[in-house]
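Data from my_file06.txt: compact mmCIF, C-alpha atoms and all ligand atoms
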```
# COMPACT_ATOMS: atom_id res chain seq x y z
CA MET A 1 -151.49 -7.99 53.42
CA LYS A 2 -151.47 -10.10 56.57
CA LEU A 3 -149.75 -9.69 59.92
CA ILE A 4 -149.14 -12.98 61.73
CA LYS A 5 -148.97 -11.62 65.25
CA GLY A 6 -147.18 -12.79 68.37
CA GLY A 7 -146.18 -16.33 67.37
CA ARG A 8 -143.03 -18.10 68.44
CA LEU A 9 -140.39 -18.81 65.81
CA LEU A 10 -138.28 -21.99 65.98
CA THR A 11 -135.46 -19.75 67.26
CA GLY A 12 -137.60 -19.37 70.40
CA GLU A 13 -138.25 -15.65 69.82
CA ILE A 14 -141.76 -14.17 69.80
CA ARG A 15 -142.12 -12.23 66.55
CA ASP A 16 -144.62 -10.71 64.15
CA VAL A 17 -144.44 -11.75 60.51
CA LEU A 18 -145.74 -9.39 57.82
CA VAL A 19 -146.87 -10.94 54.53
CA GLU A 20 -147.22 -8.82 51.39
CA ASP A 21 -147.91 -10.10 47.85
CA GLY A 22 -147.34 -13.69 48.93
CA VAL A 23 -143.92 -13.00 50.41
CA ILE A 24 -142.64 -12.49 53.96
CA SER A 25 -141.74 -8.81 53.85
CA ARG A 26 -140.83 -8.11 57.48
CA ILE A 27 -140.16 -9.97 60.72
CA GLY A 28 -139.95 -8.06 63.97
CA ALA A 29 -141.28 -7.44 67.45
CA ASP A 30 -144.53 -5.47 67.68
CA LEU A 31 -144.81 -4.53 64.02
CA PRO A 32 -147.61 -1.99 63.31
CA ALA A 33 -150.62 -3.65 61.67
CA GLY A 34 -151.55 -0.72 59.43
CA ASP A 35 -154.07 -2.01 56.85
CA ALA A 36 -153.00 -5.62 57.28
CA GLU A 37 -155.40 -8.36 58.32
CA VAL A 38 -154.17 -9.54 61.74
CA VAL A 39 -153.82 -13.29 62.36
CA ASP A 40 -153.42 -14.01 66.08
CA ALA A 41 -150.57 -16.50 66.53
CA ALA A 42 -150.23 -16.25 70.33
CA GLY A 43 -149.46 -19.68 71.80
CA LYS A 44 -148.51 -21.02 68.38
CA LEU A 45 -145.27 -21.92 66.67
CA VAL A 46 -144.65 -20.14 63.36
CA VAL A 47 -142.96 -22.73 61.18
CA PRO A 48 -141.98 -22.88 57.49
CA GLY A 49 -144.42 -25.00 55.49
CA LEU A 50 -143.22 -28.60 55.22
CA VAL A 51 -141.91 -29.87 51.88
CA ASP A 52 -142.52 -33.46 50.72
CA THR A 53 -139.97 -34.32 48.03
CA HIS A 54 -141.34 -37.69 46.96
CA LEU A 55 -144.98 -38.65 46.65
CA HIS A 56 -147.13 -40.33 43.98
CA LEU A 57 -150.38 -38.39 44.23
CA TRP A 58 -152.14 -40.50 41.57
CA GLN A 59 -152.39 -43.24 44.22
CA THR A 60 -154.62 -41.12 46.50
CA PRO A 61 -157.80 -43.15 45.73
CA LEU A 62 -155.86 -46.36 46.47
CA ARG A 63 -155.37 -45.48 50.14
CA GLY A 64 -154.18 -48.42 52.20
CA MET A 65 -154.29 -50.92 49.31
CA THR A 66 -150.93 -52.41 50.31
CA ALA A 67 -151.21 -52.78 54.08
CA ASP A 68 -149.30 -55.96 55.03
CA LEU A 69 -147.80 -56.33 51.54
CA TRP A 70 -144.07 -56.17 50.70
CA ALA A 71 -142.27 -54.32 47.92
CA ARG A 72 -142.72 -56.97 45.22
CA GLU A 73 -146.46 -57.26 45.88
CA TYR A 74 -146.76 -53.46 45.88
CA PHE A 75 -145.37 -53.41 42.32
CA HIS A 76 -147.72 -56.20 41.27
CA THR A 77 -150.83 -54.78 42.95
CA VAL A 78 -150.65 -51.00 42.78
CA HIS A 79 -148.63 -50.21 39.67
CA PRO A 80 -150.91 -51.99 37.17
CA MET A 81 -153.78 -49.81 38.44
CA SER A 82 -152.17 -46.91 36.57
CA GLU A 83 -153.49 -48.32 33.29
CA TYR A 84 -157.09 -47.90 34.42
CA TYR A 85 -156.89 -44.17 35.17
CA THR A 86 -158.74 -41.75 32.92
CA PRO A 87 -157.64 -38.10 32.91
CA GLU A 88 -160.61 -37.33 35.16
CA ASP A 89 -159.42 -39.94 37.68
CA MET A 90 -155.99 -38.31 37.62
CA TYR A 91 -157.60 -34.94 38.34
CA TRP A 92 -159.53 -36.10 41.40
CA ALA A 93 -156.62 -38.18 42.73
CA THR A 94 -154.15 -35.30 42.42
CA TYR A 95 -156.52 -32.61 43.65
CA ALA A 96 -157.53 -34.66 46.71
CA GLY A 97 -153.93 -35.65 47.39
CA GLY A 98 -152.81 -32.03 47.32
CA LEU A 99 -155.56 -31.07 49.76
CA GLU A 100 -154.67 -33.93 52.06
CA LEU A 101 -151.07 -32.70 52.19
CA LEU A 102 -152.20 -29.17 53.06
CA SER A 103 -154.23 -30.58 55.95
CA HIS A 104 -150.99 -32.06 57.31
CA GLY A 105 -149.05 -28.77 57.06
CA VAL A 106 -147.29 -29.70 53.81
CA THR A 107 -147.17 -26.63 51.55
CA GLN A 108 -144.95 -27.97 48.76
CA VAL A 109 -144.64 -31.35 47.08
CA PHE A 110 -142.80 -33.19 44.32
CA ASP A 111 -145.58 -35.24 42.70
CA TYR A 112 -143.66 -38.06 41.00
CA CYS A 113 -146.17 -39.25 38.43
CA HIS A 114 -145.88 -42.81 37.11
CA SER A 115 -149.17 -42.30 35.29
CA ALA A 116 -148.38 -39.67 32.67
CA ASN A 117 -150.21 -41.84 30.13
CA SER A 118 -151.26 -39.09 27.70
CA PRO A 119 -151.11 -35.30 27.39
CA GLU A 120 -154.66 -35.28 28.83
CA HIS A 121 -153.53 -37.24 31.90
CA VAL A 122 -150.66 -34.80 32.43
CA ASP A 123 -152.87 -31.73 32.04
CA ALA A 124 -155.45 -33.18 34.45
CA SER A 125 -152.77 -33.75 37.12
CA ILE A 126 -151.48 -30.21 36.75
CA ARG A 127 -155.02 -28.85 36.98
CA GLY A 128 -155.51 -30.89 40.15
CA LEU A 129 -152.37 -29.41 41.71
CA ARG A 130 -153.41 -25.88 40.73
CA ASP A 131 -156.93 -26.26 42.08
CA ALA A 132 -155.63 -27.67 45.38
CA GLY A 133 -153.56 -24.50 45.84
CA ILE A 134 -150.41 -26.30 46.95
CA ARG A 135 -146.94 -25.33 45.71
CA ALA A 136 -145.91 -28.25 43.56
CA THR A 137 -143.48 -29.69 41.09
CA TYR A 138 -145.21 -32.12 38.75
CA GLY A 139 -142.77 -34.96 38.08
CA PHE A 140 -143.43 -35.90 34.45
CA GLY A 141 -142.82 -39.68 34.39
CA LEU A 142 -141.48 -41.70 31.47
CA PHE A 143 -143.06 -44.98 32.57
CA GLU A 144 -144.47 -47.04 29.71
CA ARG A 145 -148.03 -48.22 30.36
CA GLU A 146 -150.53 -50.33 28.49
CA GLY A 147 -153.02 -47.95 26.86
CA ALA A 148 -150.74 -44.89 26.96
CA THR A 149 -151.24 -42.67 23.93
CA TYR A 150 -147.63 -41.50 23.61
CA ARG A 151 -146.06 -43.05 20.50
CA ASP A 152 -142.61 -43.35 22.01
CA ARG A 153 -140.19 -41.73 24.40
CA ALA A 154 -139.35 -38.88 22.03
CA HIS A 155 -143.06 -38.01 21.91
CA ARG A 156 -143.17 -37.96 25.72
CA LEU A 157 -140.16 -35.66 25.87
CA ASP A 158 -141.77 -33.29 23.36
CA ASP A 159 -144.85 -33.21 25.58
CA LEU A 160 -142.62 -32.45 28.57
CA ALA A 161 -141.35 -29.43 26.62
CA ARG A 162 -144.95 -28.34 25.93
CA VAL A 163 -145.82 -28.55 29.63
CA ALA A 164 -142.64 -26.72 30.66
CA GLU A 165 -143.69 -23.85 28.41
CA GLU A 166 -147.24 -23.85 29.80
CA VAL A 167 -146.21 -23.62 33.44
CA ARG A 168 -143.35 -21.18 32.85
CA ASP A 169 -145.18 -18.26 34.50
CA ASP A 170 -147.16 -20.25 37.05
CA ALA A 171 -146.48 -18.94 40.56
CA LEU A 172 -147.14 -22.27 42.29
CA VAL A 173 -146.86 -25.22 39.90
CA GLY A 174 -143.74 -26.24 38.00
CA VAL A 175 -142.62 -29.36 36.16
CA ALA A 176 -139.59 -31.65 36.30
CA LEU A 177 -138.48 -34.89 34.68
CA ALA A 178 -139.30 -38.00 36.74
CA ILE A 179 -137.03 -40.59 35.27
CA ASP A 180 -137.81 -44.30 35.49
CA HIS A 181 -135.51 -47.03 36.74
CA ARG A 182 -132.71 -46.60 34.21
CA TYR A 183 -130.26 -43.99 32.99
CA ASP A 184 -131.43 -42.23 29.83
CA GLU A 185 -128.89 -39.79 28.46
CA LYS A 186 -131.29 -38.20 25.95
CA ALA A 187 -134.00 -37.58 28.54
CA VAL A 188 -131.54 -36.08 31.02
CA ALA A 189 -130.07 -33.81 28.33
CA ARG A 190 -133.56 -32.70 27.21
CA ALA A 191 -134.62 -31.84 30.77
CA ARG A 192 -131.47 -29.78 31.23
CA GLU A 193 -132.00 -27.96 27.91
CA LEU A 194 -135.45 -27.02 29.21
CA GLY A 195 -133.99 -25.89 32.55
CA LEU A 196 -135.94 -28.54 34.49
CA GLY A 197 -134.98 -30.51 37.58
CA ILE A 198 -134.63 -34.29 37.42
CA SER A 199 -135.82 -36.83 39.97
CA VAL A 200 -134.69 -40.45 39.85
CA HIS A 201 -136.31 -43.42 41.54
CA GLY A 202 -132.97 -44.72 42.60
CA ASN A 203 -133.13 -48.25 43.93
CA PRO A 204 -131.85 -50.48 41.11
CA VAL A 205 -128.36 -51.66 42.10
CA GLY A 206 -125.67 -49.75 40.20
CA LEU A 207 -127.99 -47.01 38.83
CA LEU A 208 -126.37 -44.30 40.94
CA ALA A 209 -122.91 -45.34 39.67
CA GLU A 210 -124.23 -45.19 36.12
CA PHE A 211 -125.41 -41.60 36.62
CA ALA A 212 -122.14 -40.69 38.36
CA ASP A 213 -119.97 -42.23 35.64
CA ALA A 214 -121.95 -40.37 32.98
CA GLY A 215 -121.32 -37.10 34.84
CA ALA A 216 -125.08 -36.68 35.19
CA LEU A 217 -125.23 -36.02 38.95
CA ALA A 218 -125.61 -32.34 39.83
CA PRO A 219 -127.54 -30.15 42.28
CA ASP A 220 -130.57 -30.27 39.93
CA VAL A 221 -130.95 -34.00 40.67
CA LEU A 222 -133.26 -35.29 43.39
CA TRP A 223 -132.31 -38.90 44.02
CA VAL A 224 -134.95 -41.03 45.73
CA HIS A 225 -134.33 -43.90 48.20
CA GLY A 226 -130.80 -45.09 47.37
CA ASN A 227 -131.18 -47.93 49.88
CA TYR A 228 -128.82 -50.22 47.98
CA ALA A 229 -126.18 -47.56 47.20
CA SER A 230 -122.53 -48.51 47.69
CA GLU A 231 -120.04 -46.34 49.61
CA ARG A 232 -118.62 -45.10 46.31
CA GLU A 233 -122.09 -44.14 45.09
CA ILE A 234 -122.93 -42.27 48.30
CA ALA A 235 -119.61 -40.40 48.03
CA ALA A 236 -120.42 -39.48 44.40
CA LEU A 237 -123.85 -38.22 45.45
CA ALA A 238 -122.32 -36.07 48.21
CA ALA A 239 -119.64 -34.65 45.89
CA SER A 240 -122.22 -33.73 43.24
CA GLY A 241 -124.46 -31.59 45.47
CA ALA A 242 -127.51 -33.63 44.42
CA PHE A 243 -130.29 -34.06 46.98
CA LEU A 244 -131.55 -37.32 48.46
CA SER A 245 -135.19 -38.02 49.30
CA LEU A 246 -135.68 -40.66 51.98
CA THR A 247 -139.11 -42.10 52.77
CA PRO A 248 -138.84 -43.72 56.22
CA ASP A 249 -142.27 -45.36 56.44
CA ILE A 250 -142.08 -47.03 53.06
CA GLU A 251 -138.41 -48.00 53.26
CA MET A 252 -138.78 -49.61 56.68
CA GLY A 253 -142.24 -50.94 55.91
CA MET A 254 -141.21 -52.51 52.61
CA GLY A 255 -138.16 -54.15 54.13
CA LYS A 256 -135.46 -52.09 52.40
CA PRO A 257 -131.98 -51.55 53.90
CA VAL A 258 -132.09 -48.37 55.99
CA ALA A 259 -128.39 -47.90 56.82
CA VAL A 260 -128.41 -45.32 53.98
CA PHE A 261 -129.92 -42.83 56.46
CA ASP A 262 -126.76 -42.94 58.57
CA ARG A 263 -124.36 -43.27 55.63
CA ALA A 264 -125.83 -40.30 53.76
CA VAL A 265 -125.62 -38.05 56.84
CA ARG A 266 -122.00 -39.05 57.44
CA ALA A 267 -121.12 -38.36 53.80
CA GLY A 268 -122.76 -34.92 53.91
CA VAL A 269 -125.53 -35.61 51.37
CA PRO A 270 -128.34 -33.01 51.71
CA ILE A 271 -131.32 -35.02 52.93
CA THR A 272 -135.02 -34.41 52.35
CA LEU A 273 -138.06 -36.54 53.25
CA GLY A 274 -141.15 -37.86 51.51
CA VAL A 275 -144.19 -40.04 52.16
CA ASP A 276 -143.93 -41.92 48.81
CA VAL A 277 -147.17 -43.90 48.66
CA VAL A 278 -150.48 -43.36 50.43
CA SER A 279 -151.42 -46.82 49.12
CA TYR A 280 -149.24 -47.85 52.10
CA ALA A 281 -149.17 -45.02 54.68
CA CYS A 282 -150.75 -41.66 55.43
CA ALA A 283 -149.52 -38.46 53.73
CA ASP A 284 -148.40 -37.03 57.06
CA LEU A 285 -144.85 -35.69 56.89
CA LEU A 286 -144.69 -35.03 60.63
CA THR A 287 -144.80 -38.79 61.12
CA GLN A 288 -141.96 -39.23 58.61
CA MET A 289 -139.91 -36.70 60.58
CA ARG A 290 -140.40 -38.61 63.81
CA LEU A 291 -139.68 -41.95 62.13
CA ALA A 292 -136.44 -40.60 60.57
CA TYR A 293 -135.33 -39.16 63.90
CA ALA A 294 -136.10 -42.42 65.73
CA LEU A 295 -134.37 -44.47 63.04
CA HIS A 296 -131.15 -42.46 63.41
CA ARG A 297 -131.19 -42.97 67.15
CA LEU A 298 -131.84 -46.68 66.65
CA LEU A 299 -128.83 -46.96 64.31
CA ASP A 300 -126.59 -44.92 66.65
CA GLY A 301 -127.72 -46.95 69.65
CA GLU A 302 -126.86 -50.21 67.91
CA LYS A 303 -123.34 -48.95 67.26
CA GLU A 304 -122.89 -47.84 70.85
CA ARG A 305 -124.11 -51.12 72.25
CA ALA A 306 -121.73 -52.97 69.93
CA ARG A 307 -118.93 -51.04 71.65
CA GLY A 308 -120.17 -52.17 75.06
CA HIS A 309 -121.79 -48.84 75.90
CA VAL A 310 -124.76 -50.16 77.87
CA PRO A 311 -126.92 -48.28 78.69
CA PRO A 312 -126.13 -46.47 75.44
CA HIS A 313 -124.26 -43.19 75.49
CA ARG A 314 -122.55 -41.36 72.67
CA ASP A 315 -118.99 -41.17 71.50
CA LEU A 316 -117.99 -38.04 69.66
CA ASP A 317 -117.62 -39.86 66.36
CA VAL A 318 -121.22 -41.08 66.37
CA PRO A 319 -123.24 -38.46 64.47
CA LEU A 320 -126.11 -37.04 66.43
CA VAL A 321 -128.98 -36.12 64.15
CA SER A 322 -130.76 -33.39 66.06
CA ALA A 323 -134.43 -32.50 65.84
CA ARG A 324 -133.27 -29.23 64.26
CA ASP A 325 -131.51 -31.21 61.51
CA VAL A 326 -134.72 -33.09 60.75
CA VAL A 327 -136.68 -29.82 60.57
CA ARG A 328 -134.07 -28.47 58.14
CA TRP A 329 -134.52 -31.56 55.93
CA VAL A 330 -138.26 -30.93 55.48
CA THR A 331 -138.05 -27.15 55.14
CA VAL A 332 -134.86 -25.56 53.78
CA ASN A 333 -133.41 -28.68 52.13
CA GLY A 334 -136.75 -29.73 50.66
CA ALA A 335 -137.37 -26.29 49.18
CA ARG A 336 -133.83 -26.11 47.77
CA ALA A 337 -134.20 -29.59 46.27
CA LEU A 338 -137.26 -28.29 44.41
CA GLY A 339 -135.33 -25.33 43.07
CA ARG A 340 -136.14 -22.60 45.57
CA THR A 341 -133.46 -20.31 46.91
CA ALA A 342 -135.50 -18.23 49.38
CA THR A 343 -136.76 -20.56 52.10
CA GLY A 344 -137.82 -20.62 55.73
CA ILE A 345 -139.29 -17.86 57.89
CA GLU A 346 -137.11 -15.13 56.42
CA GLU A 347 -137.69 -11.77 54.81
CA GLY A 348 -137.99 -12.28 51.05
CA ALA A 349 -139.09 -15.94 51.27
CA PRO A 350 -142.49 -17.05 49.90
CA ALA A 351 -145.07 -16.96 52.69
CA ASP A 352 -145.48 -20.74 52.95
CA VAL A 353 -146.07 -20.84 56.69
CA ILE A 354 -147.80 -23.09 59.17
CA LEU A 355 -149.03 -22.19 62.63
CA VAL A 356 -148.75 -25.04 65.13
CA GLU A 357 -150.98 -24.91 68.21
CA THR A 358 -149.07 -25.61 71.44
CA GLU A 359 -151.93 -25.01 73.89
CA PRO A 360 -153.49 -26.11 76.18
CA PHE A 361 -150.82 -28.73 76.89
CA GLY A 362 -147.92 -26.34 76.40
CA LEU A 363 -144.67 -25.95 74.53
CA SER A 364 -141.78 -28.36 75.12
CA MET A 365 -139.18 -27.33 77.69
CA GLY A 366 -136.36 -28.05 75.22
CA ASP A 367 -135.69 -26.88 71.67
CA PRO A 368 -138.85 -25.70 69.83
CA ALA A 369 -137.60 -27.78 66.86
CA GLY A 370 -137.84 -30.79 69.16
CA HIS A 371 -141.45 -29.83 69.87
CA LEU A 372 -142.19 -29.99 66.14
CA VAL A 373 -140.49 -33.37 65.68
CA LEU A 374 -141.49 -35.16 68.88
CA GLN A 375 -144.63 -33.49 70.28
CA THR A 376 -146.58 -32.33 67.24
CA THR A 377 -149.15 -34.28 65.26
CA SER A 378 -151.44 -33.09 62.48
CA ARG A 379 -154.06 -32.43 65.18
CA ASP A 380 -151.95 -29.39 66.13
CA ILE A 381 -151.82 -27.85 62.62
CA ASP A 382 -153.79 -24.65 63.16
CA THR A 383 -153.34 -22.62 59.97
CA VAL A 384 -151.60 -23.29 56.66
CA PHE A 385 -150.58 -20.45 54.32
CA VAL A 386 -149.29 -21.02 50.79
CA GLY A 387 -147.92 -17.86 49.19
CA GLY A 388 -149.72 -15.93 51.95
CA GLU A 389 -153.16 -17.46 51.16
CA VAL A 390 -154.89 -19.44 53.91
CA ARG A 391 -155.54 -22.96 52.57
CA TYR A 392 -156.34 -24.78 55.77
CA THR A 393 -157.42 -23.87 59.29
CA ALA A 394 -158.22 -26.00 62.31
CA GLY A 395 -161.79 -25.73 61.00
CA GLY A 396 -160.88 -27.53 57.77
CA LEU A 397 -159.81 -26.94 54.18
CA VAL A 398 -160.67 -23.48 52.89
CA GLY A 399 -163.02 -23.30 49.90
CA VAL A 400 -163.41 -27.07 49.55
CA ASP A 401 -166.69 -28.91 49.26
CA GLY A 402 -165.91 -31.88 51.54
CA PRO A 403 -168.93 -34.10 50.69
CA GLU A 404 -168.36 -33.53 46.95
CA LEU A 405 -164.70 -34.44 47.32
CA SER A 406 -165.49 -37.67 49.21
CA ALA A 407 -168.10 -38.62 46.61
CA ARG A 408 -165.74 -38.06 43.67
CA LEU A 409 -162.90 -39.96 45.32
CA ARG A 410 -165.22 -42.86 46.12
CA GLU A 411 -166.51 -42.92 42.53
CA THR A 412 -162.94 -42.85 41.21
CA ARG A 413 -161.91 -45.79 43.35
CA GLU A 414 -165.00 -47.82 42.43
CA ARG A 415 -164.53 -47.14 38.73
CA LEU A 416 -160.84 -48.11 38.86
CA LEU A 417 -161.62 -51.40 40.57
CA ARG A 418 -164.44 -52.14 38.15
CA THR A 419 -162.17 -51.51 35.14
CA ARG A 420 -159.47 -53.68 36.66
CA ASP A 421 -161.92 -56.50 37.27
CA LEU A 422 -163.14 -56.29 33.68
CA GLY A 423 -159.48 -56.54 32.61
CA THR A 424 -159.65 -53.55 30.27
CA THR A 425 -157.61 -50.39 30.15
CA ALA A 426 -158.95 -46.86 30.33
CA GLY A 427 -160.01 -45.62 26.93
ZN ZN A 501 -141.76 -43.65 45.01
```

Mind converting the file's structure to structure tokens?
Amino acid sequence: MKLIKGGRLLTGEIRDVLVEDGVISRIGADLPAGDAEVVDAAGKLVVPGLVDTHLHLWQTPLRGMTADLWAREYFHTVHPMSEYYTPEDMYWATYAGGLELLSHGVTQVFDYCHSANSPEHVDASIRGLRDAGIRATYGFGLFEREGATYRDRAHRLDDLARVAEEVRDDALVGVALAIDHRYDEKAVARARELGLGISVHGNPVGLLAEFADAGALAPDVLWVHGNYASEREIAALAASGAFLSLTPDIEMGMGKPVAVFDRAVRAGVPITLGVDVVSYACADLLTQMRLAYALHRLLDGEKERARGHVPPHRDLDVPLVSARDVVRWVTVNGARALGRTATGIEEGAPADVILVETEPFGLSMGDPAGHLVLQTTSRDIDTVFVGGEVRYTAGGLVGVDGPELSARLRETRERLLRTRDLGTTAG
């Protein structure tokens, strides 16, 4: 039992938060500590853990491989690396990636795995997520790779069923179908039979319409990117209740159309955010929040200037995305997109909580949500709880051998590059 004492909620109120059995059991002013371990949160914001809904953790050892490259080169440079991963490489990549997220205040992730090359690869990824102690959905990918041991797609789907059974009672790690760049009726039906969520890498033109026309869009779908979606497709997404994951750094950085940010908000699509690839940018969701917020203001400002409003000011029909909206995207929406119903700093919600230091420079004068979006960096992440367990403090990751982790990641990267240069696949 833990009592997080005297922190400030995003509502602005100073409150105590009692955690029992991994769940927030009470929120109130001056709660008695009783037997609980007291965590002093004075001067700190008490914020729901951030949720990243689209990330490929297998790429963790490939950090920064694509700086200055564009989308086509990313596919030609990074994706073929998948063939060189052994299960052990998958373990260290996923484990380290999960820890890196925790250090940025991210307590839950959808790990969209393009490298589910064998049952052993899948099991190693899931072990990596479990050992990192992050709440996670493992996105079981259907991508065909050279050297993969699955006989065919049916074999992969049977293995998905095996994994679904294995994680059924896991408190932190679940599994979902991560579909590749085409509609596959059988795979979608199988995932639904198993009660699993479905995430779709959604940039091929017309793919969203294909899902919509097949009646396959529903609230259990997490659509990713959608940069090329038509108005009709965005409307279908909104009507279906499916979630959208936008990844500002990668979409802007890889030169994709970003008007979807504005169009999805206008249509009422529930938005979530992700980092996508650390082979391009850092796994820091706070940065994605600030980029998304800035991008909306950029798009609104362009519209206002086009109407002759210089210096820009707002008309009522221009949507204002508030800092509070952006916080909702990475907390409540993200958790709902990954199948959770109890979210946020609320009684009955899992105790996935971060404490954000606001001293010595002080809390923002405006909305505390604005402080999180505009004034907070990972430097300010003070404590990270997942299911009530402390996983990270300002002193570092809890229970992690840092030098060992660096050594294993370095070895993994060196081995991958050596295998690539020899032109062989992992065996
Ligand atoms: Zn992606």

Legend entry - Protein and nucleic acid residues within 8 Å of ligand ZN 501 (chain A) (all atoms listed in the file) as a VMD selection string: chain A and resid 54 to 56 112 201 224 276 to 277

Could you save the residues just selected, with C-alpha atoms, as a PDB file, keeping the file's coordinate frame?
```pdb
ATOM      1  CA  HIS A  54    -141.340 -37.690  46.960  1.00  0.00           C
ATOM      2  CA  LEU A  55    -144.980 -38.650  46.650  1.00  0.00           C
ATOM      3  CA  HIS A  56    -147.130 -40.330  43.980  1.00  0.00           C
ATOM      4  CA  TYR A 112    -143.660 -38.060  41.000  1.00  0.00           C
ATOM      5  CA  HIS A 201    -136.310 -43.420  41.540  1.00  0.00           C
ATOM      6  CA  VAL A 224    -134.950 -41.030  45.730  1.00  0.00           C
ATOM      7  CA  ASP A 276    -143.930 -41.920  48.810  1.00  0.00           C
ATOM      8  CA  VAL A 277    -147.170 -43.900  48.660  1.00  0.00           C
TER       9      VAL A 277
END
```

Residues of segment 80-165 of chain A within 12 Å of segment 324-335 of chain A: nearest atom pair and distance (Å, one decimal) for each, counting only C-alpha atoms, sorted by chain and number, as a tab-separated table?
```
residue	atom	partner	partner_atom	distance
A:Gly105	CA	A:Val330	CA	11.1
A:Val106	CA	A:Val330	CA	9.3
A:Thr107	CA	A:Thr331	CA	9.8
A:Gln108	CA	A:Ala335	CA	7.8
A:Val109	CA	A:Gly334	CA	8.8
A:Phe110	CA	A:Gly334	CA	9.4
A:Arg135	CA	A:Ala335	CA	10.2
A:Ala136	CA	A:Ala335	CA	10.4
A:Thr137	CA	A:Ala335	CA	10.7
```

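Proximity ranking of A:Leu129, A:Ala323, A:Leu355, A:Ala154 relative to His371 of chain A places A:Ala323 first, based on all atoms listed in the file.
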
Checklist entry - Of the candidates A:Tyr95, A:Tyr150, A:Tyr228, A:Phe143, which one gets nearest to Gly255 of chain A if we count only C-alpha atoms? => result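 Selected residue with least distance to Gly255 of chain A: A:Tyr228.
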
query = So which residues are close to (-145.4, -11.9, 59.9), meaning at most 6 Å away in the file's coordinates with all atoms listed in the file counted, and can you show them as number ranges by chain?
reply = A: 3-4, 16-19, 27

Next, dump the selected residues to file, keeping only C-alpha atoms, as an mmCIF file, in the coordinates of the input.
```
data_model
loop_
_atom_site.group_PDB
_atom_site.id
_atom_site.type_symbol
_atom_site.label_atom_id
_atom_site.label_comp_id
_atom_site.auth_asym_id
_atom_site.auth_seq_id
_atom_site.Cartn_x
_atom_site.Cartn_y
_atom_site.Cartn_z
ATOM 1 C CA LEU A 3 -149.750 -9.690 59.920
ATOM 2 C CA ILE A 4 -149.140 -12.980 61.730
ATOM 3 C CA ASP A 16 -144.620 -10.710 64.150
ATOM 4 C CA VAL A 17 -144.440 -11.750 60.510
ATOM 5 C CA LEU A 18 -145.740 -9.390 57.820
ATOM 6 C CA VAL A 19 -146.870 -10.940 54.530
ATOM 7 C CA ILE A 27 -140.160 -9.970 60.720
#
```

### Message
Using all atoms listed in the file, can you tell me which of A:Thr272, A:Thr376, A:Ser125, A:Thr60 comes closest to Tyr91 of chain A?
### Response
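Under the stated criterion, the closest residue is A:Ser125.
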
Which distance in Å separates atom CA of Gly147 of chain A and atom CA of Met65 of chain A, to one decimal?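 It comes out at 22.7 Å.
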
What lies within 9 Å of Pro80 of chain A using only C-alpha atoms, ignoring chain neighbours under 4 positions off, as a list in words? Phe75, His76, Tyr84, Arg145, Glu146 and Arg420 of chain A

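Excluding Leu9 of chain A and any residue on its chain fewer than 4 positions from it, the residues at most 9 Å away by all atoms listed in the file are Glu13, Ile14, Arg15, Lys44, Leu45, Val46, Val47, Ile345 and Pro368 of chain A.
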
Pairwise distance, atom CA of Leu194 of chain A with atom CA of Gly206 of chain A, equals 27.1 Å

Counting all atoms listed in the file, give me one row per residue of segment 46-111 of chain A with an atom at most 9 Å from an atom of segment 387-406 of chain A, showing the shortest contact pair and its distance in Å to one decimal, sorted by chain then residue number, as JSON lines.
```
{"residue": "A:Trp92", "atom": "CA", "partner": "A:Leu405", "partner_atom": "CA", "distance": 8.0}
{"residue": "A:Ala96", "atom": "CA", "partner": "A:Leu405", "partner_atom": "CA", "distance": 7.2}
{"residue": "A:Leu99", "atom": "CA", "partner": "A:Leu397", "partner_atom": "CA", "distance": 7.4}
{"residue": "A:Glu100", "atom": "CA", "partner": "A:Leu397", "partner_atom": "CA", "distance": 8.9}
{"residue": "A:Leu102", "atom": "CA", "partner": "A:Tyr392", "partner_atom": "CA", "distance": 6.6}
{"residue": "A:Ser103", "atom": "CA", "partner": "A:Tyr392", "partner_atom": "CA", "distance": 6.2}
{"residue": "A:Gly105", "atom": "CA", "partner": "A:Tyr392", "partner_atom": "CA", "distance": 8.4}
```

Keeping C-alpha atoms for every residue in the selection just given, could you write it to a file as a PDB file, in the coordinates of the input?
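Dumped everything to out-v7.pdb:
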```pdb
ATOM      1  CA  TRP A  92    -159.530 -36.100  41.400  1.00  0.00           C
ATOM      2  CA  ALA A  96    -157.530 -34.660  46.710  1.00  0.00           C
ATOM      3  CA  LEU A  99    -155.560 -31.070  49.760  1.00  0.00           C
ATOM      4  CA  GLU A 100    -154.670 -33.930  52.060  1.00  0.00           C
ATOM      5  CA  LEU A 102    -152.200 -29.170  53.060  1.00  0.00           C
ATOM      6  CA  SER A 103    -154.230 -30.580  55.950  1.00  0.00           C
ATOM      7  CA  GLY A 105    -149.050 -28.770  57.060  1.00  0.00           C
TER       8      GLY A 105
END
```

Judged by all atoms listed in the file, the minimum distance to Leu237 of chain A among A:Ala259, A:Val269, A:Ala407, A:Leu207 is found for A:Val269

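The neighbours of His181 of chain A here are the residues that come within 12 Å of it, using only C-alpha atoms and leaving out any residue fewer than 6 positions away in the same chain; they are His114, Gly141, Leu142, Phe143, Glu144, Ser199, Val200, His201, Gly202, Asn203, Pro204, Val205, Gly206, Leu207, Leu208, Glu210, Phe211, Trp223, Val224, His225 and Gly226 of chain A.
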